[in-house]
Amino acid sequence: MKILVCISKTPDTTSKIAFKDNNTKFEENGVQWIINPYDEWYALVRAIELKEKDASITIHLITVGGADAEPIMRKALALGGDEAIRINTAGDDSFYIAAQIADVAKQGGYSLILTGKETIDYNSASVGGIVAGLLDVPFVSLATKFDLSGSTATITREIDGGEETAEVQLPVVVSCAKGVAEQRIPNMRGIMGARSKPLKVVEPAAIEPLTHINSYGLPPAKAGVKLVAADNVAELVRLLHEEAKAI
Amino acid sequence: MLAVNTRAKERTCTANPFYNNYITHAGWLAPPGIKHTTMPVLILIDHAEGQIKKASFEVLSYGAAVANLLGTTAEGLLLGTVHDDLPALGKYGITKVNQVSNEALNTVDALVYAKAIAEAVTITGANVLVLSHNQTGKAVAAVTAAKLTAGLVSGAVDLPDTSNGFVVKKAVFSGKAYANVAITSSIKIISLNPNSYKIVVGEGVAEVKPLAIAPAAPGITVTHVNRVKGEVPLTEAEIVVSGGRGLKGPENWGMVEDLAKVLHAATACSRPVADTGWRPHHEHVGQTGVQVAPNVYIAIGISGAIQHLAGVNRSKHIVVINKDPEAPFFKAADYGIVGDAFEVVPKLTEEIKKLKNG
């Protein structure tokens, strides 16, 4: 069985967020790049856990990005993927990215495609769903538990105000959230092994993006905290009621 | 002059240049004699257990405002059956509720939903689809975008700017920034972050129109549903009261719940609290947990690590109660009390009771 794990390169959580060129581009200077945490901790690690139980599973990793995405793909291989694919283009439109992945995936015969629940840069939570729609296979979002038995997946997912468990016949695309896997770090054997694992570069398909980021902005800076004395709680209630008009 | 090129005239909506874009992109030709007068904004009405969710009233209000901007009408789309009074939904600004009243659609199978929504978009002639970016929206919006080859902005936080194209503002970098995203496709999809738009209630009665759409065979069989009863769902709550390690143990959550109760708020917690099992995981807000954007977020005994802030920094007003004046959370807060939560929180509950009774 083949599993495809979608990987995105994102700035580290603690990176300073700034923009350049008249606020039209993200300032990459000084940014530390990482595997999108949800892709790594949840999607990739769950795929590895499944492979540890069933050695016949093959894990392919895929990303859409330039050569600068290769270090994080090597790290992902060190964690445990068998082979990586980089689609040699870049973009910020979810449809464009997803259509590139779907184009490669449809020839790959994957039973399972895993993504993180969203990326920590664009927060769109869209690529997995679009891939599923384009491949016309079921999509399960925000999985917190995932188990396989033959060709049936049992998945628990977040719904508004709770969770539900469902059974799905493979193939399926699943976006993974907290709970689906245990976090782990690459070991030295994995890091050494990753060097010789294949990292294929494929050229992009001709696909038109459907959205375009015109500009970025930062939220207005907070005016600073208004501190109220601990023995004057009534004043906090007054501020929330009269000033913030929030209660 | 109209007679010179009737078809061209019919295809051109002078009130709204955006329609002309639609025509240009899609190359759509009205059959002679039939005038496509409305390309409504279509809004998904999300529901569970026979009840329309609050997030739906928000997107109805938002969708009606989008329609107003575009000089067209807003219509709802209900997949499945509910107990609510559907014509009354007109008060949120929609003229019609298109309903596929098939009970198979009372559970959300993203692919089945997406196909039904795509068909409804085609039948109604809609060129803008609006959904909530709640858990249902996160399941459905993207699959629908694939089915319609539609540009999607998910997590929108404001009305589109239609002065030059169709540009939607959305939150990015986990709430640390926003992006203005132009949708260039003929059909456009917006999923709206919960608590981003004020629910507007006016007058009006909506016409309920059955849609003859047969749902596709489901690929997902739901075997178990566990919905927390009697609590305000965290993602829909206008006020969230959240506790951290500073509360010392699960036995001390009574005062958090009391405060939440007087405020009709949802309760939440920080990651260490969920990880040690003091509180259930679905209450964990932060980067790895649930992201919330309520009107008021009250953090009690939470230091405010960057990963926690990533889940709450879109909240309109942040109140921090912490005995450590150096807690980083105070830097992100609007109001704060440096003090012992065990003394401050019960007093706060009492003062709010006084306000509500006064």
# chains A, B, ... in the order shown; residues from 1 in each chain; ligands from 1

call {"tool": "residues_around", "arguments": {"residues": "Lys16 of chain A", "least_positions_apart": "6", "cutoff": "10 Å", "atoms": "only C-alpha atoms", "output": "number ranges by chain"}}
result
A: 27-32; B: 176

call {"tool": "write_last_selection", "arguments": {"atoms": "N, CA and C atoms", "output": "CSV table (one decimal), in the first residue's frame"}}
result
chain,number,residue,atom,x,y,z
A,27,GLU,N,8.7,38.9,4.2
A,27,GLU,CA,10.2,39.1,4.4
A,27,GLU,C,10.8,37.8,4.9
A,28,GLU,N,11.6,37.2,4.0
A,28,GLU,CA,12.1,35.8,4.3
A,28,GLU,C,13.5,36.0,5.0
A,29,ASN,N,14.0,37.2,5.0
A,29,ASN,CA,15.3,37.4,5.6
A,29,ASN,C,15.3,37.0,7.1
A,30,GLY,N,16.2,36.1,7.5
A,30,GLY,CA,16.4,35.8,8.9
A,30,GLY,C,15.3,34.8,9.4
A,31,VAL,N,14.5,34.2,8.4
A,31,VAL,CA,13.5,33.3,8.8
A,31,VAL,C,14.0,31.9,8.9
A,32,GLN,N,13.7,31.2,9.9
A,32,GLN,CA,14.1,29.8,10.0
A,32,GLN,C,13.0,28.9,9.5
B,176,LYS,N,-1.2,36.5,13.2
B,176,LYS,CA,-0.2,37.5,13.4
B,176,LYS,C,-0.2,38.6,12.2

call {"tool": "closest_residue", "arguments": {"among": "A:Arg184, A:Lys145, A:Arg46, A:Lys226", "to": "Val5 of chain A", "atoms": "only C-alpha atoms"}}
result
A:Arg46

call {"tool": "atom_distance", "arguments": {"atom1": "atom CA of Ile57 of chain A", "atom2": "atom CA of Lys2 of chain A"}}
result
5.8 Å

call {"tool": "residues_around", "arguments": {"residues": "Thr211 of chain A", "least_positions_apart": "3", "cutoff": "10 Å", "atoms": "only C-alpha atoms", "output": "ChimeraX atom specification"}}
result
/A:91-96,208,214 /B:150-153,166-167,181-185,188

call {"tool": "select_by_dssp", "arguments": {"residues": "segment 51-224 of chain B", "states": "strand (DSSP E or B)", "output": "MDAnalysis selection string"}}
result
chainID B and resid 51:52 74:79 96:100 128:132 151:156 161 167:172 177:183 188:192 207:210 220:224

call {"tool": "write_last_selection", "arguments": {"atoms": "N, CA and C atoms", "output": "compact mmCIF listing (two decimals), in the first residue's frame"}}
result
# COMPACT_ATOMS: atom_id res chain seq x y z
N GLN B 51 -30.95 21.49 14.31
CA GLN B 51 -30.88 22.91 14.66
C GLN B 51 -29.86 23.64 13.81
N ILE B 52 -30.25 24.81 13.34
CA ILE B 52 -29.31 25.63 12.59
C ILE B 52 -28.28 26.20 13.56
N ALA B 74 -29.37 37.60 -1.98
CA ALA B 74 -28.72 36.51 -1.24
C ALA B 74 -29.72 35.40 -1.03
N GLU B 75 -29.26 34.15 -1.20
CA GLU B 75 -30.13 32.99 -0.98
C GLU B 75 -29.41 31.99 -0.08
N GLY B 76 -30.17 31.31 0.75
CA GLY B 76 -29.59 30.27 1.59
C GLY B 76 -29.63 28.93 0.89
N LEU B 77 -28.77 28.03 1.33
CA LEU B 77 -28.79 26.65 0.84
C LEU B 77 -28.76 25.74 2.05
N LEU B 78 -29.82 24.96 2.20
CA LEU B 78 -29.91 24.04 3.33
C LEU B 78 -29.88 22.62 2.80
N LEU B 79 -28.86 21.86 3.20
CA LEU B 79 -28.78 20.45 2.81
C LEU B 79 -29.22 19.62 4.00
N LYS B 96 -34.46 33.74 -0.34
CA LYS B 96 -34.88 32.35 -0.57
C LYS B 96 -34.08 31.41 0.29
N VAL B 97 -34.71 30.31 0.68
CA VAL B 97 -33.96 29.20 1.25
C VAL B 97 -34.11 28.03 0.27
N ASN B 98 -33.06 27.69 -0.43
CA ASN B 98 -33.07 26.52 -1.31
C ASN B 98 -32.79 25.31 -0.44
N GLN B 99 -33.70 24.34 -0.47
CA GLN B 99 -33.53 23.20 0.44
C GLN B 99 -33.51 21.88 -0.32
N VAL B 100 -32.52 21.06 0.00
CA VAL B 100 -32.52 19.67 -0.46
C VAL B 100 -32.91 18.86 0.76
N VAL B 128 -21.19 33.60 -6.22
CA VAL B 128 -20.44 33.68 -4.97
C VAL B 128 -21.07 32.71 -3.99
N LEU B 129 -20.23 31.90 -3.36
CA LEU B 129 -20.70 30.96 -2.34
C LEU B 129 -20.05 31.34 -1.02
N VAL B 130 -20.85 31.40 0.04
CA VAL B 130 -20.32 31.76 1.36
C VAL B 130 -20.59 30.62 2.34
N LEU B 131 -19.58 30.25 3.10
CA LEU B 131 -19.73 29.25 4.17
C LEU B 131 -19.03 29.77 5.41
N SER B 132 -19.32 29.14 6.54
CA SER B 132 -18.56 29.45 7.75
C SER B 132 -17.26 28.63 7.73
N GLY B 151 -12.04 29.84 -7.07
CA GLY B 151 -11.05 30.37 -6.15
C GLY B 151 -11.66 30.46 -4.75
N LEU B 152 -10.87 30.06 -3.76
CA LEU B 152 -11.38 29.99 -2.39
C LEU B 152 -10.52 30.87 -1.48
N VAL B 153 -11.18 31.73 -0.71
CA VAL B 153 -10.50 32.39 0.39
C VAL B 153 -11.09 31.83 1.67
N SER B 154 -10.29 31.10 2.43
CA SER B 154 -10.82 30.52 3.66
C SER B 154 -10.28 31.29 4.85
N GLY B 155 -11.16 31.46 5.84
CA GLY B 155 -10.78 32.24 7.01
C GLY B 155 -10.88 33.74 6.77
N ALA B 156 -11.86 34.14 5.94
CA ALA B 156 -12.06 35.57 5.69
C ALA B 156 -12.46 36.27 6.99
N ASP B 161 -13.65 43.61 -0.90
CA ASP B 161 -13.51 44.93 -1.49
C ASP B 161 -13.75 44.75 -2.99
N VAL B 167 -11.62 41.37 -3.75
CA VAL B 167 -10.49 41.15 -2.84
C VAL B 167 -11.00 40.90 -1.43
N VAL B 168 -10.58 39.78 -0.86
CA VAL B 168 -11.08 39.38 0.46
C VAL B 168 -9.92 39.35 1.45
N LYS B 169 -10.15 39.95 2.61
CA LYS B 169 -9.13 39.98 3.67
C LYS B 169 -9.24 38.73 4.51
N LYS B 170 -8.12 38.08 4.73
CA LYS B 170 -8.13 36.88 5.56
C LYS B 170 -6.97 36.90 6.56
N ALA B 171 -7.14 36.16 7.64
CA ALA B 171 -6.08 36.05 8.65
C ALA B 171 -5.03 35.07 8.16
N VAL B 172 -3.74 35.43 8.32
CA VAL B 172 -2.64 34.53 7.99
C VAL B 172 -1.60 34.54 9.12
N ALA B 177 -0.90 38.26 11.14
CA ALA B 177 -0.98 39.17 10.01
C ALA B 177 -2.25 38.87 9.22
N TYR B 178 -2.52 39.71 8.23
CA TYR B 178 -3.61 39.39 7.32
C TYR B 178 -3.15 39.57 5.88
N ALA B 179 -3.89 38.96 4.95
CA ALA B 179 -3.58 39.07 3.53
C ALA B 179 -4.83 39.53 2.81
N ASN B 180 -4.64 40.37 1.79
CA ASN B 180 -5.75 40.76 0.93
C ASN B 180 -5.66 39.93 -0.34
N VAL B 181 -6.62 39.02 -0.51
CA VAL B 181 -6.53 38.01 -1.55
C VAL B 181 -7.56 38.30 -2.65
N ALA B 182 -7.09 38.45 -3.88
CA ALA B 182 -7.99 38.66 -5.01
C ALA B 182 -8.41 37.31 -5.56
N ILE B 183 -9.72 37.12 -5.73
CA ILE B 183 -10.20 35.90 -6.37
C ILE B 183 -10.44 36.23 -7.84
N LYS B 188 -16.73 32.28 -7.05
CA LYS B 188 -15.87 32.62 -5.92
C LYS B 188 -16.42 32.02 -4.64
N ILE B 189 -15.54 31.49 -3.81
CA ILE B 189 -15.98 30.91 -2.54
C ILE B 189 -15.26 31.62 -1.39
N ILE B 190 -16.07 32.01 -0.40
CA ILE B 190 -15.50 32.63 0.80
C ILE B 190 -15.93 31.79 2.00
N SER B 191 -14.98 31.38 2.84
CA SER B 191 -15.39 30.82 4.14
C SER B 191 -14.97 31.82 5.21
N LEU B 192 -15.93 32.17 6.04
CA LEU B 192 -15.79 33.28 6.98
C LEU B 192 -15.37 32.77 8.35
N GLU B 207 -38.58 32.82 0.89
CA GLU B 207 -39.35 31.80 0.19
C GLU B 207 -38.57 30.49 0.30
N VAL B 208 -39.24 29.40 0.66
CA VAL B 208 -38.55 28.12 0.74
C VAL B 208 -38.73 27.38 -0.58
N LYS B 209 -37.60 27.06 -1.21
CA LYS B 209 -37.67 26.46 -2.54
C LYS B 209 -36.98 25.10 -2.52
N PRO B 210 -37.76 24.02 -2.75
CA PRO B 210 -37.12 22.70 -2.77
C PRO B 210 -36.22 22.56 -4.00
N ILE B 220 -18.57 7.72 3.39
CA ILE B 220 -18.25 7.74 4.82
C ILE B 220 -19.46 7.24 5.60
N THR B 221 -19.24 6.29 6.51
CA THR B 221 -20.32 5.82 7.36
C THR B 221 -20.03 6.25 8.79
N VAL B 222 -20.85 7.16 9.31
CA VAL B 222 -20.63 7.63 10.67
C VAL B 222 -21.15 6.57 11.65
N THR B 223 -20.27 6.15 12.57
CA THR B 223 -20.66 5.09 13.50
C THR B 223 -20.92 5.63 14.91
N HIS B 224 -20.40 6.82 15.20
CA HIS B 224 -20.52 7.32 16.56
C HIS B 224 -20.37 8.83 16.58

call {"tool": "residues_around", "arguments": {"residues": "segment 278-295 of chain B", "least_positions_apart": "6", "cutoff": "8 Å", "atoms": "only C-alpha atoms", "output": "ChimeraX atom specification"}}
result
/A:38,162,177-178,246 /B:174,194-196,234-240,249-250,267-271,307-317

call {"tool": "write_last_selection", "arguments": {"atoms": "N, CA and C atoms", "output": "compact mmCIF listing (two decimals), in the first residue's frame"}}
result
# COMPACT_ATOMS: atom_id res chain seq x y z
N TYR A 38 1.98 20.69 11.61
CA TYR A 38 0.87 19.73 11.52
C TYR A 38 1.16 18.64 10.48
N GLY A 162 -17.78 18.87 19.35
CA GLY A 162 -17.54 17.48 19.71
C GLY A 162 -16.75 16.73 18.68
N ALA A 177 -5.14 16.25 12.72
CA ALA A 177 -5.05 17.20 13.82
C ALA A 177 -4.43 16.51 15.03
N LYS A 178 -4.34 17.24 16.13
CA LYS A 178 -3.72 16.72 17.34
C LYS A 178 -4.40 15.44 17.81
N ALA A 246 -18.30 44.87 25.78
CA ALA A 246 -18.13 43.47 25.44
C ALA A 246 -18.93 42.53 26.34
N SER B 174 -1.20 32.51 11.53
CA SER B 174 -1.86 32.21 12.80
C SER B 174 -2.32 33.47 13.53
N PRO B 194 -15.37 32.26 12.10
CA PRO B 194 -16.45 32.50 13.08
C PRO B 194 -16.14 33.75 13.93
N ASN B 195 -17.19 34.44 14.31
CA ASN B 195 -17.10 35.67 15.12
C ASN B 195 -16.37 36.81 14.42
N SER B 196 -16.43 36.85 13.08
CA SER B 196 -15.79 37.95 12.35
C SER B 196 -16.79 38.99 11.89
N LEU B 234 -17.03 25.85 21.81
CA LEU B 234 -15.88 26.76 21.91
C LEU B 234 -15.72 27.65 20.68
N THR B 235 -15.85 27.05 19.48
CA THR B 235 -15.60 27.83 18.27
C THR B 235 -16.70 28.85 18.00
N GLU B 236 -17.86 28.69 18.62
CA GLU B 236 -18.96 29.62 18.37
C GLU B 236 -19.11 30.66 19.47
N ALA B 237 -18.39 30.47 20.58
CA ALA B 237 -18.63 31.30 21.76
C ALA B 237 -18.19 32.75 21.56
N GLU B 238 -18.98 33.67 22.06
CA GLU B 238 -18.59 35.08 22.00
C GLU B 238 -17.63 35.44 23.12
N ILE B 239 -17.74 34.70 24.22
CA ILE B 239 -16.83 34.92 25.34
C ILE B 239 -16.23 33.56 25.71
N VAL B 240 -14.92 33.53 25.93
CA VAL B 240 -14.25 32.29 26.33
C VAL B 240 -13.50 32.55 27.63
N GLY B 249 -4.88 22.67 39.76
CA GLY B 249 -5.45 21.32 39.68
C GLY B 249 -6.88 21.35 39.19
N PRO B 250 -7.36 20.20 38.67
CA PRO B 250 -8.70 20.16 38.05
C PRO B 250 -9.80 20.49 39.06
N THR B 267 -15.82 27.32 28.12
CA THR B 267 -14.60 27.16 28.90
C THR B 267 -13.51 26.56 28.01
N ALA B 268 -12.27 26.94 28.31
CA ALA B 268 -11.13 26.46 27.52
C ALA B 268 -9.95 26.29 28.46
N CYS B 269 -8.83 25.82 27.91
CA CYS B 269 -7.65 25.65 28.75
C CYS B 269 -6.39 25.72 27.90
N SER B 270 -5.24 25.79 28.56
CA SER B 270 -3.96 25.81 27.86
C SER B 270 -3.51 24.38 27.62
N ARG B 271 -2.45 24.24 26.83
CA ARG B 271 -1.99 22.89 26.45
C ARG B 271 -1.57 22.01 27.64
N GLN B 307 2.88 29.82 21.45
CA GLN B 307 2.01 28.79 20.87
C GLN B 307 0.57 28.95 21.35
N HIS B 308 0.40 29.43 22.58
CA HIS B 308 -0.95 29.68 23.08
C HIS B 308 -1.55 30.90 22.39
N LEU B 309 -0.73 31.95 22.28
CA LEU B 309 -1.20 33.19 21.65
C LEU B 309 -1.65 32.95 20.21
N ALA B 310 -0.97 32.01 19.52
CA ALA B 310 -1.32 31.72 18.12
C ALA B 310 -2.77 31.25 18.00
N GLY B 311 -3.31 30.72 19.08
CA GLY B 311 -4.69 30.23 19.03
C GLY B 311 -5.71 31.23 19.48
N VAL B 312 -5.27 32.35 20.04
CA VAL B 312 -6.24 33.28 20.64
C VAL B 312 -6.04 34.74 20.22
N ASN B 313 -4.98 35.02 19.45
CA ASN B 313 -4.64 36.45 19.26
C ASN B 313 -5.59 37.19 18.32
N ARG B 314 -6.56 36.50 17.72
CA ARG B 314 -7.56 37.22 16.95
C ARG B 314 -8.77 37.61 17.81
N SER B 315 -8.73 37.29 19.08
CA SER B 315 -9.81 37.70 19.99
C SER B 315 -9.86 39.23 20.04
N LYS B 316 -11.08 39.79 20.11
CA LYS B 316 -11.18 41.26 20.10
C LYS B 316 -10.64 41.88 21.38
N HIS B 317 -11.03 41.32 22.52
CA HIS B 317 -10.56 41.86 23.80
C HIS B 317 -9.97 40.71 24.61

call {"tool": "closest_residue", "arguments": {"among": "A:Ile213, A:Ala194, A:Val173, A:Ala223", "to": "chain B", "atoms": "only C-alpha atoms"}}
result
A:Ile213

call {"tool": "interface_residues", "arguments": {"of": "chain A", "to": "chain B", "cutoff": "6 Å", "atoms": "only C-alpha atoms", "output": "VMD selection string"}}
result
chain A and resid 120 to 124 126 129 to 130 133 to 134 138 to 139 141 159 to 168 210 to 219 225 to 228 230 233 to 234

call {"tool": "write_last_selection", "arguments": {"atoms": "N, CA and C atoms", "output": "compact mmCIF listing (two decimals), in the first residue's frame"}}
result
# COMPACT_ATOMS: atom_id res chain seq x y z
N ILE A 120 0.77 26.72 9.06
CA ILE A 120 0.79 27.81 10.03
C ILE A 120 1.11 29.14 9.37
N ASP A 121 1.31 29.16 8.02
CA ASP A 121 1.50 30.46 7.36
C ASP A 121 0.19 30.98 6.74
N TYR A 122 -0.42 30.20 5.82
CA TYR A 122 -1.65 30.71 5.20
C TYR A 122 -2.92 30.28 5.94
N ASN A 123 -2.81 29.29 6.81
CA ASN A 123 -3.97 28.86 7.63
C ASN A 123 -5.22 28.59 6.80
N SER A 124 -5.07 28.09 5.59
CA SER A 124 -6.27 27.94 4.76
C SER A 124 -6.99 26.61 4.94
N SER A 126 -7.02 24.05 3.16
CA SER A 126 -7.72 23.82 1.89
C SER A 126 -7.09 22.78 0.97
N GLY A 129 -8.57 19.09 0.93
CA GLY A 129 -9.93 19.03 0.39
C GLY A 129 -9.97 19.20 -1.12
N ILE A 130 -9.14 20.09 -1.63
CA ILE A 130 -9.13 20.31 -3.08
C ILE A 130 -8.55 19.08 -3.79
N GLY A 133 -11.26 16.56 -3.87
CA GLY A 133 -12.28 16.92 -4.85
C GLY A 133 -11.81 16.64 -6.27
N LEU A 134 -10.56 16.97 -6.56
CA LEU A 134 -10.04 16.76 -7.91
C LEU A 134 -9.88 15.27 -8.22
N PRO A 138 -13.28 10.43 -1.09
CA PRO A 138 -13.76 11.06 0.15
C PRO A 138 -12.66 11.87 0.85
N PHE A 139 -13.10 12.91 1.57
CA PHE A 139 -12.19 13.75 2.34
C PHE A 139 -12.67 13.76 3.79
N SER A 141 -11.76 15.65 7.33
CA SER A 141 -10.98 16.76 7.87
C SER A 141 -10.77 16.59 9.36
N ILE A 159 -15.83 17.75 15.06
CA ILE A 159 -16.98 18.45 14.48
C ILE A 159 -17.28 19.60 15.44
N ASP A 160 -18.17 20.52 15.05
CA ASP A 160 -18.46 21.64 15.93
C ASP A 160 -19.05 21.11 17.23
N GLY A 161 -18.40 21.41 18.34
CA GLY A 161 -18.91 21.02 19.65
C GLY A 161 -18.71 19.56 19.99
N GLY A 162 -17.78 18.87 19.35
CA GLY A 162 -17.54 17.48 19.71
C GLY A 162 -16.75 16.73 18.68
N GLU A 163 -16.99 15.43 18.58
CA GLU A 163 -16.26 14.63 17.60
C GLU A 163 -17.15 13.51 17.10
N GLU A 164 -16.81 12.95 15.93
CA GLU A 164 -17.54 11.79 15.44
C GLU A 164 -16.58 10.79 14.84
N THR A 165 -16.99 9.53 14.88
CA THR A 165 -16.17 8.46 14.33
C THR A 165 -16.86 7.90 13.10
N ALA A 166 -16.07 7.65 12.07
CA ALA A 166 -16.65 7.18 10.83
C ALA A 166 -15.76 6.12 10.20
N GLU A 167 -16.37 5.27 9.37
CA GLU A 167 -15.61 4.29 8.60
C GLU A 167 -15.62 4.71 7.14
N VAL A 168 -14.45 4.59 6.52
CA VAL A 168 -14.29 5.03 5.14
C VAL A 168 -13.52 3.96 4.38
N LEU A 210 -6.24 30.50 -9.07
CA LEU A 210 -7.57 31.13 -9.04
C LEU A 210 -7.64 32.29 -8.05
N THR A 211 -6.57 32.45 -7.25
CA THR A 211 -6.50 33.60 -6.35
C THR A 211 -5.09 34.18 -6.41
N HIS A 212 -4.98 35.39 -5.88
CA HIS A 212 -3.68 36.06 -5.91
C HIS A 212 -3.61 36.97 -4.69
N ILE A 213 -2.51 36.91 -3.94
CA ILE A 213 -2.39 37.79 -2.78
C ILE A 213 -1.92 39.17 -3.25
N ASN A 214 -2.78 40.15 -3.10
CA ASN A 214 -2.43 41.53 -3.51
C ASN A 214 -1.47 42.18 -2.52
N SER A 215 -1.78 42.01 -1.24
CA SER A 215 -0.94 42.65 -0.22
C SER A 215 -1.14 41.99 1.13
N TYR A 216 -0.22 42.31 2.03
CA TYR A 216 -0.29 41.83 3.40
C TYR A 216 -0.39 43.01 4.35
N GLY A 217 -0.79 42.74 5.55
CA GLY A 217 -0.78 43.80 6.56
C GLY A 217 -0.66 43.19 7.94
N LEU A 218 -0.28 44.05 8.87
CA LEU A 218 -0.20 43.61 10.26
C LEU A 218 -1.38 44.20 11.02
N PRO A 219 -1.92 43.48 11.97
CA PRO A 219 -3.04 44.05 12.74
C PRO A 219 -2.54 45.27 13.51
N VAL A 225 -1.69 47.08 27.72
CA VAL A 225 -2.65 46.55 28.68
C VAL A 225 -3.08 47.62 29.69
N LYS A 226 -4.37 47.66 29.99
CA LYS A 226 -4.86 48.51 31.08
C LYS A 226 -4.93 47.66 32.32
N LEU A 227 -4.08 47.98 33.29
CA LEU A 227 -4.06 47.16 34.50
C LEU A 227 -5.03 47.72 35.54
N VAL A 228 -5.75 46.79 36.17
CA VAL A 228 -6.70 47.16 37.21
C VAL A 228 -6.20 46.51 38.50
N ALA A 230 -5.99 44.48 41.91
CA ALA A 230 -6.65 43.23 42.27
C ALA A 230 -7.79 43.44 43.25
N VAL A 233 -11.94 44.80 41.38
CA VAL A 233 -12.45 43.99 40.27
C VAL A 233 -13.64 44.68 39.59
N ALA A 234 -14.40 45.45 40.37
CA ALA A 234 -15.56 46.15 39.81
C ALA A 234 -15.15 47.08 38.67

call {"tool": "closest_residue", "arguments": {"among": "A:Val140, A:Val201, A:Ala229, A:Ile7", "to": "Ile34 of chain A", "atoms": "only C-alpha atoms"}}
result
A:Ile7

call {"tool": "atom_distance", "arguments": {"atom1": "atom CA of Gly128 of chain A", "atom2": "atom CA of Asp82 of chain A"}}
result
20.9 Å

call {"tool": "atom_distance", "arguments": {"atom1": "atom CA of Lys91 of chain B", "atom2": "atom CA of Tyr197 of chain B"}}
result
16.0 Å

call {"tool": "select_by_dssp", "arguments": {"residues": "segment 263-309 of chain B", "states": "helix (DSSP H, G or I)", "output": "JSON, numbers by chain"}}
result
{"B": [263, 271, 272, 273, 274, 275, 281, 282, 283, 306, 307, 308, 309]}

call {"tool": "residues_around", "arguments": {"residues": "Thr144 of chain A", "least_positions_apart": "5", "cutoff": "7 Å", "atoms": "only C-alpha atoms", "output": "list in words"}}
result
Thr156, Arg157, Glu158, Cys176, Ala177, Lys178, Gly179 and Val180 of chain A

call {"tool": "residues_around", "arguments": {"residues": "Glu58 of chain B", "least_positions_apart": "4", "cutoff": "7 Å", "atoms": "only C-alpha atoms", "output": "PDB file with C-alpha atoms, in the first residue's frame"}}
result
ATOM      1  CA  LYS B  54     -25.253  30.169  15.240  1.00  0.00           C
ATOM      2  CA  TYR B  62     -22.378  38.378   5.854  1.00  0.00           C
ATOM      3  CA  TYR B 197     -19.065  39.538  11.306  1.00  0.00           C
ATOM      4  CA  LYS B 198     -21.907  40.887  13.375  1.00  0.00           C
ATOM      5  CA  ILE B 199     -25.245  39.123  12.994  1.00  0.00           C
TER       6      ILE B 199
END

call {"tool": "residues_around", "arguments": {"residues": "Val45 of chain A", "least_positions_apart": "5", "cutoff": "12 Å", "atoms": "only C-alpha atoms", "output": "ChimeraX atom specification"}}
result
/A:3,5,7,37-40,50-52,59,61,76-81,114-116,146,176-186
